[in-house]
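Okay, entry.cif now, which holds mmCIF, C-alpha atoms:
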```cif
data_structure
loop_
_atom_site.label_atom_id
_atom_site.label_comp_id
_atom_site.auth_asym_id
_atom_site.auth_seq_id
_atom_site.Cartn_x
_atom_site.Cartn_y
_atom_site.Cartn_z
CA MET M 1 -117.95 -113.99 -71.21
CA THR M 2 -117.08 -115.50 -67.84
CA THR M 3 -114.57 -114.44 -65.22
CA PRO M 4 -111.97 -116.12 -63.04
CA ALA M 5 -113.39 -117.88 -59.98
CA TRP M 6 -110.49 -116.58 -57.90
CA LEU M 7 -107.74 -114.02 -58.33
CA GLY M 8 -104.31 -114.03 -56.69
CA ILE M 9 -102.54 -110.67 -56.76
CA GLY M 10 -99.32 -110.95 -54.78
CA ALA M 11 -96.86 -110.58 -53.39
CA GLN M 12 -93.91 -111.49 -55.55
CA ARG M 13 -91.41 -113.87 -53.86
CA SER M 14 -93.93 -114.71 -51.14
CA GLY M 15 -94.59 -118.36 -51.91
CA THR M 16 -97.37 -117.76 -54.42
CA THR M 17 -96.18 -120.48 -56.82
CA TRP M 18 -96.03 -123.00 -53.98
CA PHE M 19 -99.46 -121.97 -52.70
CA THR M 20 -101.04 -122.03 -56.16
CA ASP M 21 -99.68 -125.55 -56.68
CA LEU M 22 -101.44 -126.60 -53.46
CA LEU M 23 -104.65 -124.75 -54.32
CA THR M 24 -104.94 -126.42 -57.71
CA GLN M 25 -104.50 -129.92 -56.30
CA HIS M 26 -108.27 -129.90 -55.93
CA PRO M 27 -109.88 -131.56 -58.97
CA GLN M 28 -112.41 -128.73 -59.21
CA VAL M 29 -109.87 -125.89 -59.01
CA GLY M 30 -107.51 -124.97 -61.83
CA LEU M 31 -105.77 -122.33 -63.90
CA GLY M 32 -106.78 -120.62 -67.14
CA LEU M 33 -107.12 -122.61 -70.34
CA ASN M 34 -103.47 -121.98 -71.25
CA GLY M 35 -102.33 -123.57 -67.98
CA LYS M 36 -100.35 -120.55 -66.82
CA LYS M 37 -100.22 -119.60 -63.15
CA GLU M 38 -99.38 -115.97 -64.04
CA GLN M 39 -101.37 -114.43 -66.89
CA HIS M 40 -99.89 -110.90 -66.68
CA LEU M 41 -102.97 -109.61 -68.49
CA LEU M 42 -105.30 -107.87 -66.03
CA HIS M 43 -103.11 -104.78 -65.73
CA LYS M 44 -102.62 -104.71 -69.51
CA VAL M 45 -106.38 -104.62 -69.96
CA GLY M 46 -106.46 -101.73 -67.50
CA ASP M 47 -103.65 -99.98 -69.35
CA GLY M 48 -105.58 -100.30 -72.61
CA VAL M 49 -103.04 -102.49 -74.42
CA GLU M 50 -105.10 -105.72 -74.36
CA PRO M 51 -108.86 -106.26 -74.84
CA ALA M 52 -110.83 -107.65 -71.92
CA SER M 53 -111.68 -110.72 -73.98
CA ALA M 54 -107.99 -111.72 -74.14
CA TYR M 55 -108.21 -112.26 -70.38
CA LEU M 56 -111.77 -113.39 -69.77
CA ASP M 57 -111.78 -116.01 -72.53
CA LEU M 58 -109.21 -117.98 -70.50
CA PHE M 59 -111.84 -118.75 -67.85
CA PRO M 60 -114.84 -120.54 -69.40
CA ASP M 61 -117.81 -121.73 -67.38
CA ASP M 62 -116.83 -125.41 -67.56
CA GLY M 63 -117.31 -126.49 -63.95
CA ILE M 64 -113.68 -125.85 -62.97
CA ARG M 65 -112.97 -122.94 -60.61
CA ARG M 66 -110.22 -121.41 -62.72
CA GLY M 67 -108.04 -118.56 -61.57
CA ASP M 68 -104.91 -116.51 -62.08
CA TRP M 69 -102.17 -115.60 -59.60
CA THR M 70 -99.96 -112.83 -60.96
CA PRO M 71 -97.93 -111.14 -58.19
CA GLN M 72 -97.41 -108.01 -60.28
CA TYR M 73 -101.08 -107.13 -59.87
CA LEU M 74 -100.66 -106.14 -56.21
CA ARG M 75 -98.40 -103.19 -57.04
CA HIS M 76 -99.88 -102.20 -60.42
CA ALA M 77 -102.19 -99.19 -60.07
CA SER M 78 -104.50 -100.01 -62.99
CA ALA M 79 -105.19 -103.60 -61.90
CA PRO M 80 -107.59 -103.02 -58.95
CA ALA M 81 -110.17 -100.96 -60.86
CA THR M 82 -109.95 -103.39 -63.76
CA ALA M 83 -110.58 -106.32 -61.43
CA ALA M 84 -113.57 -104.55 -59.91
CA ARG M 85 -114.98 -103.98 -63.38
CA LEU M 86 -114.38 -107.42 -64.88
CA LEU M 87 -114.63 -109.91 -62.02
CA GLY M 88 -117.85 -111.28 -60.59
CA PRO M 89 -118.88 -109.77 -57.24
CA GLU M 90 -118.18 -112.98 -55.29
CA VAL M 91 -114.70 -113.66 -56.70
CA PRO M 92 -112.18 -113.72 -53.81
CA VAL M 93 -108.97 -111.74 -54.14
CA LEU M 94 -106.08 -113.66 -52.58
CA VAL M 95 -102.90 -112.13 -51.15
CA LEU M 96 -99.89 -113.87 -49.64
CA LEU M 97 -97.38 -111.62 -47.87
CA ARG M 98 -93.85 -112.40 -46.70
CA ASP M 99 -91.50 -110.51 -44.38
CA PRO M 100 -90.84 -107.49 -46.63
CA VAL M 101 -87.09 -107.44 -46.06
CA GLU M 102 -86.76 -111.16 -46.81
CA ARG M 103 -89.03 -110.69 -49.81
CA PHE M 104 -86.80 -107.88 -51.12
CA LEU M 105 -83.64 -109.98 -50.77
CA SER M 106 -85.28 -112.93 -52.51
CA ALA M 107 -86.45 -110.69 -55.35
CA MET M 108 -82.96 -109.30 -55.84
CA ARG M 109 -81.53 -112.82 -55.96
CA LEU M 110 -84.10 -113.65 -58.63
CA ALA M 111 -83.14 -110.52 -60.56
CA ALA M 112 -79.51 -111.59 -60.39
CA THR M 113 -80.48 -115.08 -61.59
CA ARG M 114 -82.26 -113.65 -64.63
CA ALA M 115 -79.80 -110.84 -65.30
CA LYS M 116 -78.18 -110.22 -68.63
CA SER M 117 -74.85 -108.44 -68.72
CA PRO M 118 -74.70 -105.57 -68.03
CA TRP M 119 -77.36 -105.80 -65.31
CA PRO M 120 -79.63 -102.71 -65.15
CA TYR M 121 -79.02 -102.58 -61.40
CA PRO M 122 -81.12 -99.55 -60.32
CA VAL M 123 -84.30 -100.82 -61.99
CA PRO M 124 -84.87 -103.98 -59.93
CA MET M 125 -83.79 -102.29 -56.70
CA THR M 126 -86.24 -99.41 -57.13
CA VAL M 127 -89.14 -101.68 -58.12
CA GLN M 128 -88.43 -104.18 -55.38
CA THR M 129 -88.21 -101.50 -52.71
CA PHE M 130 -91.71 -100.29 -53.61
CA SER M 131 -92.99 -103.86 -53.78
CA GLY M 132 -92.75 -104.12 -49.99
CA PHE M 133 -95.22 -101.27 -49.42
CA TYR M 134 -97.92 -103.81 -48.66
CA ALA M 135 -100.28 -101.61 -46.66
CA ASP M 136 -100.48 -98.96 -49.38
CA GLN M 137 -101.10 -101.60 -52.04
CA LEU M 138 -103.78 -103.40 -50.00
CA GLU M 139 -105.54 -100.10 -49.35
CA MET M 140 -105.55 -99.40 -53.10
CA TRP M 141 -107.12 -102.79 -53.80
CA ALA M 142 -109.64 -102.54 -50.96
CA HIS M 143 -110.78 -99.18 -52.29
CA HIS M 144 -111.80 -100.76 -55.58
CA VAL M 145 -112.84 -104.33 -54.80
CA GLY M 146 -113.85 -104.08 -51.13
CA ARG M 147 -112.09 -105.55 -48.10
CA GLU M 148 -114.69 -108.29 -47.70
CA ARG M 149 -113.49 -109.95 -50.91
CA MET M 150 -109.83 -109.93 -49.91
CA GLN M 151 -108.22 -112.90 -48.19
CA VAL M 152 -104.85 -111.68 -46.93
CA MET M 153 -102.46 -114.34 -45.61
CA VAL M 154 -99.00 -114.29 -44.06
CA PHE M 155 -96.62 -116.69 -45.78
CA GLU M 156 -94.72 -117.64 -42.64
CA SER M 157 -97.98 -118.63 -40.91
CA VAL M 158 -99.32 -120.48 -43.94
CA ARG M 159 -96.15 -122.57 -44.04
CA THR M 160 -96.94 -123.93 -40.57
CA ASP M 161 -100.44 -125.11 -41.57
CA PRO M 162 -100.93 -125.04 -45.34
CA GLN M 163 -103.96 -127.35 -45.21
CA ALA M 164 -105.94 -124.86 -43.12
CA ALA M 165 -105.02 -121.96 -45.41
CA VAL M 166 -105.95 -123.82 -48.58
CA ASP M 167 -109.15 -125.15 -47.00
CA ALA M 168 -110.20 -121.56 -46.27
CA VAL M 169 -109.84 -120.65 -49.93
CA TRP M 170 -111.57 -123.81 -51.12
CA SER M 171 -114.45 -123.05 -48.77
CA ARG M 172 -114.90 -119.64 -50.38
CA LEU M 173 -114.96 -121.36 -53.76
CA GLY M 174 -117.65 -123.77 -52.61
CA VAL M 175 -115.62 -126.96 -52.82
CA ALA M 176 -114.93 -129.52 -50.11
CA SER M 177 -111.51 -130.09 -48.59
CA VAL M 178 -109.16 -132.76 -49.94
CA PRO M 179 -105.86 -133.84 -48.35
CA LEU M 180 -102.85 -131.95 -49.69
CA ARG M 181 -99.84 -133.73 -51.14
CA ASP M 182 -96.18 -132.70 -51.36
CA VAL M 183 -96.58 -129.64 -49.16
CA ASP M 184 -92.81 -129.46 -48.61
CA ARG M 185 -91.84 -129.71 -52.26
CA PRO M 186 -89.52 -126.82 -53.27
CA SER M 187 -91.03 -124.17 -55.49
CA GLY M 188 -90.06 -124.30 -59.14
CA SER M 189 -89.56 -120.53 -59.11
CA SER M 190 -86.61 -120.57 -56.70
CA SER M 191 -83.74 -118.24 -57.57
CA LYS M 192 -80.27 -119.69 -58.00
CA ALA M 193 -77.90 -116.71 -57.93
CA SER M 194 -76.53 -115.10 -54.79
CA TRP M 195 -76.78 -111.38 -54.09
CA THR M 196 -75.16 -109.47 -51.24
CA PRO M 197 -76.93 -106.27 -50.20
CA PRO M 198 -74.79 -103.14 -49.84
CA GLU M 199 -73.78 -102.20 -46.30
CA GLY M 200 -76.63 -100.56 -44.42
CA LEU M 201 -79.36 -101.48 -46.92
CA VAL M 202 -81.14 -104.01 -44.72
CA ALA M 203 -81.26 -101.55 -41.82
CA SER M 204 -82.69 -98.89 -44.14
CA LEU M 205 -85.37 -101.28 -45.37
CA GLU M 206 -86.36 -102.17 -41.82
CA VAL M 207 -86.90 -98.50 -41.02
CA LEU M 208 -88.68 -97.86 -44.32
CA TYR M 209 -91.11 -100.77 -43.95
CA ARG M 210 -91.89 -100.38 -40.26
CA PRO M 211 -94.89 -98.01 -40.78
CA GLN M 212 -96.25 -100.34 -43.43
CA VAL M 213 -96.01 -103.34 -41.11
CA ARG M 214 -97.68 -101.41 -38.31
CA ARG M 215 -100.66 -100.74 -40.57
CA LEU M 216 -100.89 -104.43 -41.50
CA VAL M 217 -101.32 -105.19 -37.79
CA ASP M 218 -103.67 -102.30 -37.03
CA ASP M 219 -105.79 -102.27 -40.19
CA TRP M 220 -105.69 -105.91 -41.31
CA ASP M 221 -105.16 -107.73 -37.99
CA LEU M 222 -102.29 -109.78 -39.40
CA ASP M 223 -99.90 -111.76 -37.23
CA VAL M 224 -96.44 -110.69 -38.37
CA SER M 225 -94.61 -111.70 -35.19
CA THR M 226 -92.10 -113.76 -37.16
CA TRP M 227 -91.03 -110.84 -39.34
CA SER M 228 -87.76 -109.05 -38.75
CA THR M 229 -89.45 -105.66 -39.18
CA GLN M 230 -91.68 -105.16 -36.15
CA PRO M 231 -94.12 -102.27 -35.72
#
```

Encoding of this model in structure tokens:
Amino acid sequence: MTTPAWLGIGAQRSGTTWFTDLLTQHPQVGLGLNGKKEQHLLHKVGDGVEPASAYLDLFPDDGIRRGDWTPQYLRHASAPATAARLLGPEVPVLVLLRDPVERFLSAMRLAATRAKSPWPYPVPMTVQTFSGFYADQLEMWAHHVGRERMQVMVFESVRTDPQAAVDAVWSRLGVASVPLRDVDRPSGSSSKASWTPPEGLVASLEVLYRPQVRRLVDDWDLDVSTWSTQP
């Protein structure tokens, strides 16, 4: 069995579909055999509900650097150890992070877009609040796969120079740079519904996420100067 050549793990609503579209513009970089950007399988292997072969068989050794970018992996506690066990030692683990408050609001708009009546309101709010605990989630992943394999990027910075960000990943995959196309094309995963946060929620999130953001600066040396939540 082979393994993915690269693994994207998060974060949800942080431009991962857009970035994956750019990454796979290279003729030697692609997705699994089923063509899906998000496999939603690694954590299921870790949870014991899917065999490892169901995941690994999607990534044959056919000369294409195939990968998977499932944002749920970042926050799922069984995924890091599973990745460490199944992935080759040189496989980079890619992370794209967005201002956690903006990410939360975008995720709730997506939940509203997909909602069926009646909407199970507390479920998405609880999950999406935890999804912004980036520092805790990165520490969990680093514990299992090692920091040296992790390429952590800030969405707002990547948007200003996507070619440089994609080139850095391609370099790790051993392929030469090619010019990107359609870098400003809207993501196909955009939410369509509106959602108004309850009074005081945004302020609460800013306070809640501030220690997390401080650790991203101190421990991961990330430039988050454009984020509303400052350490």

Looking at only C-alpha atoms, which of M:Met150, M:Leu56, M:Val127, M:Ala112 is the one that sits closest to Gln72 of chain M?
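With only C-alpha atoms as the atom set, the closest residue is M:Val127.
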
So how far away is atom CA of Val93 of chain M from atom CA of Leu33 of chain M, in Å?
19.6 Å

Quick one, how far is atom CA of Val158 of chain M from atom CA of Asp221 of chain M?
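Computing the Euclidean distance for atom CA of Val158 of chain M and atom CA of Asp221 of chain M yields 15.2 Å.
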
Radius query 8 Å about (-92.6, -109.3, -41.0), atoms used: only C-alpha atoms, as number ranges by chain
M: 98-101, 213, 224-230

Residues of segment 46-81 of chain M that have any atom at most 8 Å from an atom of segment 5-19 of chain M: could you tabulate them with the shortest-distance atom pair and the distance in Å to one decimal, using only C-alpha atoms, ordered by chain and increasing number, as JSON lines?
```
{"residue": "M:Arg65", "atom": "CA", "partner": "M:Ala5", "partner_atom": "CA", "distance": 5.1}
{"residue": "M:Arg66", "atom": "CA", "partner": "M:Ala5", "partner_atom": "CA", "distance": 5.5}
{"residue": "M:Gly67", "atom": "CA", "partner": "M:Trp6", "partner_atom": "CA", "distance": 4.8}
{"residue": "M:Asp68", "atom": "CA", "partner": "M:Leu7", "partner_atom": "CA", "distance": 5.3}
{"residue": "M:Trp69", "atom": "CA", "partner": "M:Gly8", "partner_atom": "CA", "distance": 3.9}
{"residue": "M:Thr70", "atom": "CA", "partner": "M:Ile9", "partner_atom": "CA", "distance": 5.4}
{"residue": "M:Pro71", "atom": "CA", "partner": "M:Gly10", "partner_atom": "CA", "distance": 3.7}
{"residue": "M:Gln72", "atom": "CA", "partner": "M:Gly10", "partner_atom": "CA", "distance": 6.5}
{"residue": "M:Tyr73", "atom": "CA", "partner": "M:Ile9", "partner_atom": "CA", "distance": 4.9}
{"residue": "M:Leu74", "atom": "CA", "partner": "M:Ile9", "partner_atom": "CA", "distance": 4.9}
```

Let me know the residues the PyMOL selection byres ((chain M and resi 44) around 10) catches in the file above, as a list in words.
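When the PyMOL selection byres ((chain M and resi 44) around 10) is applied to the shown file, the picked residues are His40, Leu41, Leu42, His43, Val45, Gly46, Asp47, Gly48, Val49, Glu50, Pro51, Ala52, Ala54, Tyr55, His76, Ser78, Ala79 and Thr82 of chain M.
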
Report, as JSON, the centre and edge lengths in Å (one decimal) of the axis-aligned box enclosing every listed atom of segment 91-106 of chain M, padded by 3 Å on each side.
```
{"center_x": -99.2, "center_y": -110.7, "center_z": -50.5, "size_x": 37.1, "size_y": 12.4, "size_z": 18.3}
```

Mind giving me the straight-line distance from atom CA of Asp218 of chain M to atom CA of Gly88 of chain M in Å, one decimal?
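Those two atoms sit 28.9 Å apart.
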
Which residues, named as in the file, does the PyMOL selection byres ((chain M and resi 169) around 12) pick out? Answer as an NGL selection string.
:M and (5-8 or 19-20 or 22-24 or 26 or 29 or 65 or 67 or 91-95 or 149-153 or 162-168 or 170-177)

Near Pro211 of chain M, within 10 Å and counting only C-alpha atoms, which residues show up once chain neighbours fewer than 2 positions away are dropped, as a list in words?
Phe133, Ala135, Glu206, Val207, Leu208, Tyr209, Val213, Arg214, Arg215, Leu216, Thr229, Gln230 and Pro231 of chain M

Nearest to Pro27 of chain M by atom-to-atom distance, counting all atoms listed in the file, from M:Leu201, M:Ile64, M:Gln212, M:Pro186:
M:Ile64

Check the smallest atom-to-atom distance from each of M:Gly35, M:Pro80, M:Pro124, M:Gly132 to Glu102 of chain M using all atoms listed in the file, then report the winner.
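Of the candidates, the smallest distance to Glu102 of chain M is held by M:Gly132.
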
Selected residue of minimal separation from Pro89 of chain M among M:Met140, M:Val145, M:Ala203, M:Ala115, counting all atoms listed in the file:
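Nearest to Pro89 of chain M: M:Val145.
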
For segment 13-42 of chain M, where the input has fewer atoms than it should, I would like N, CA and C atoms rebuilt and written as an mmCIF file, keeping the file's coordinate frame.
```
data_model
loop_
_atom_site.group_PDB
_atom_site.id
_atom_site.type_symbol
_atom_site.label_atom_id
_atom_site.label_comp_id
_atom_site.auth_asym_id
_atom_site.auth_seq_id
_atom_site.Cartn_x
_atom_site.Cartn_y
_atom_site.Cartn_z
ATOM 1 N N ARG M 13 -92.382 -113.210 -54.739
ATOM 2 C CA ARG M 13 -91.410 -113.870 -53.860
ATOM 3 C C ARG M 13 -91.973 -114.118 -52.460
ATOM 4 N N SER M 14 -93.266 -114.440 -52.412
ATOM 5 C CA SER M 14 -93.930 -114.710 -51.140
ATOM 6 C C SER M 14 -94.580 -116.091 -51.121
ATOM 7 N N GLY M 15 -94.072 -117.003 -51.911
ATOM 8 C CA GLY M 15 -94.590 -118.360 -51.910
ATOM 9 C C GLY M 15 -95.842 -118.556 -52.735
ATOM 10 N N THR M 16 -96.117 -117.657 -53.664
ATOM 11 C CA THR M 16 -97.370 -117.760 -54.420
ATOM 12 C C THR M 16 -97.373 -118.948 -55.381
ATOM 13 N N THR M 17 -96.221 -119.310 -55.946
ATOM 14 C CA THR M 17 -96.180 -120.480 -56.820
ATOM 15 C C THR M 17 -96.446 -121.749 -56.024
ATOM 16 N N TRP M 18 -95.803 -121.863 -54.876
ATOM 17 C CA TRP M 18 -96.030 -123.000 -53.980
ATOM 18 C C TRP M 18 -97.485 -123.083 -53.573
ATOM 19 N N PHE M 19 -98.079 -121.964 -53.173
ATOM 20 C CA PHE M 19 -99.460 -121.970 -52.700
ATOM 21 C C PHE M 19 -100.429 -122.281 -53.837
ATOM 22 N N THR M 20 -100.170 -121.742 -55.014
ATOM 23 C CA THR M 20 -101.040 -122.030 -56.160
ATOM 24 C C THR M 20 -100.980 -123.511 -56.520
ATOM 25 N N ASP M 21 -99.801 -124.111 -56.435
ATOM 26 C CA ASP M 21 -99.680 -125.550 -56.680
ATOM 27 C C ASP M 21 -100.547 -126.351 -55.712
ATOM 28 N N LEU M 22 -100.597 -125.924 -54.447
ATOM 29 C CA LEU M 22 -101.440 -126.600 -53.460
ATOM 30 C C LEU M 22 -102.911 -126.357 -53.754
ATOM 31 N N LEU M 23 -103.259 -125.123 -54.067
ATOM 32 C CA LEU M 23 -104.650 -124.750 -54.320
ATOM 33 C C LEU M 23 -105.237 -125.546 -55.478
ATOM 34 N N THR M 24 -104.442 -125.747 -56.505
ATOM 35 C CA THR M 24 -104.940 -126.420 -57.710
ATOM 36 C C THR M 24 -104.800 -127.942 -57.638
ATOM 37 N N GLN M 25 -104.437 -128.477 -56.480
ATOM 38 C CA GLN M 25 -104.500 -129.920 -56.300
ATOM 39 C C GLN M 25 -105.942 -130.410 -56.264
ATOM 40 N N HIS M 26 -106.853 -129.515 -55.946
ATOM 41 C CA HIS M 26 -108.270 -129.900 -55.930
ATOM 42 C C HIS M 26 -108.738 -130.156 -57.352
ATOM 43 N N PRO M 27 -109.458 -131.251 -57.590
ATOM 44 C CA PRO M 27 -109.880 -131.560 -58.970
ATOM 45 C C PRO M 27 -110.859 -130.556 -59.558
ATOM 46 N N GLN M 28 -111.466 -129.727 -58.713
ATOM 47 C CA GLN M 28 -112.410 -128.730 -59.210
ATOM 48 C C GLN M 28 -111.819 -127.321 -59.254
ATOM 49 N N VAL M 29 -110.528 -127.200 -59.004
ATOM 50 C CA VAL M 29 -109.870 -125.890 -59.010
ATOM 51 C C VAL M 29 -108.706 -125.950 -59.996
ATOM 52 N N GLY M 30 -108.575 -124.940 -60.832
ATOM 53 C CA GLY M 30 -107.510 -124.970 -61.830
ATOM 54 C C GLY M 30 -107.100 -123.585 -62.280
ATOM 55 N N LEU M 31 -106.276 -123.564 -63.303
ATOM 56 C CA LEU M 31 -105.770 -122.330 -63.900
ATOM 57 C C LEU M 31 -106.532 -122.044 -65.197
ATOM 58 N N GLY M 32 -106.166 -120.953 -65.864
ATOM 59 C CA GLY M 32 -106.780 -120.620 -67.140
ATOM 60 C C GLY M 32 -106.517 -121.689 -68.186
ATOM 61 N N LEU M 33 -107.207 -121.588 -69.301
ATOM 62 C CA LEU M 33 -107.120 -122.610 -70.340
ATOM 63 C C LEU M 33 -105.702 -122.828 -70.860
ATOM 64 N N ASN M 34 -104.849 -121.814 -70.770
ATOM 65 C CA ASN M 34 -103.470 -121.980 -71.250
ATOM 66 C C ASN M 34 -102.555 -122.603 -70.205
ATOM 67 N N GLY M 35 -103.091 -122.896 -69.014
ATOM 68 C CA GLY M 35 -102.330 -123.570 -67.980
ATOM 69 C C GLY M 35 -101.327 -122.717 -67.239
ATOM 70 N N LYS M 36 -101.321 -121.421 -67.463
ATOM 71 C CA LYS M 36 -100.350 -120.550 -66.820
ATOM 72 C C LYS M 36 -100.828 -120.112 -65.442
ATOM 73 N N LYS M 37 -99.914 -120.133 -64.475
ATOM 74 C CA LYS M 37 -100.220 -119.600 -63.150
ATOM 75 C C LYS M 37 -100.327 -118.072 -63.215
ATOM 76 N N GLU M 38 -99.430 -117.430 -63.946
ATOM 77 C CA GLU M 38 -99.380 -115.970 -64.040
ATOM 78 C C GLU M 38 -99.770 -115.541 -65.452
ATOM 79 N N GLN M 39 -100.901 -114.854 -65.570
ATOM 80 C CA GLN M 39 -101.370 -114.430 -66.890
ATOM 81 C C GLN M 39 -100.767 -113.080 -67.310
ATOM 82 N N HIS M 40 -100.450 -112.219 -66.356
ATOM 83 C CA HIS M 40 -99.890 -110.900 -66.680
ATOM 84 C C HIS M 40 -100.751 -110.164 -67.702
ATOM 85 N N LEU M 41 -102.052 -110.221 -67.516
ATOM 86 C CA LEU M 41 -102.970 -109.610 -68.490
ATOM 87 C C LEU M 41 -103.898 -108.569 -67.867
ATOM 88 N N LEU M 42 -104.300 -108.763 -66.610
ATOM 89 C CA LEU M 42 -105.300 -107.870 -66.030
ATOM 90 C C LEU M 42 -104.855 -106.415 -66.061
#
```
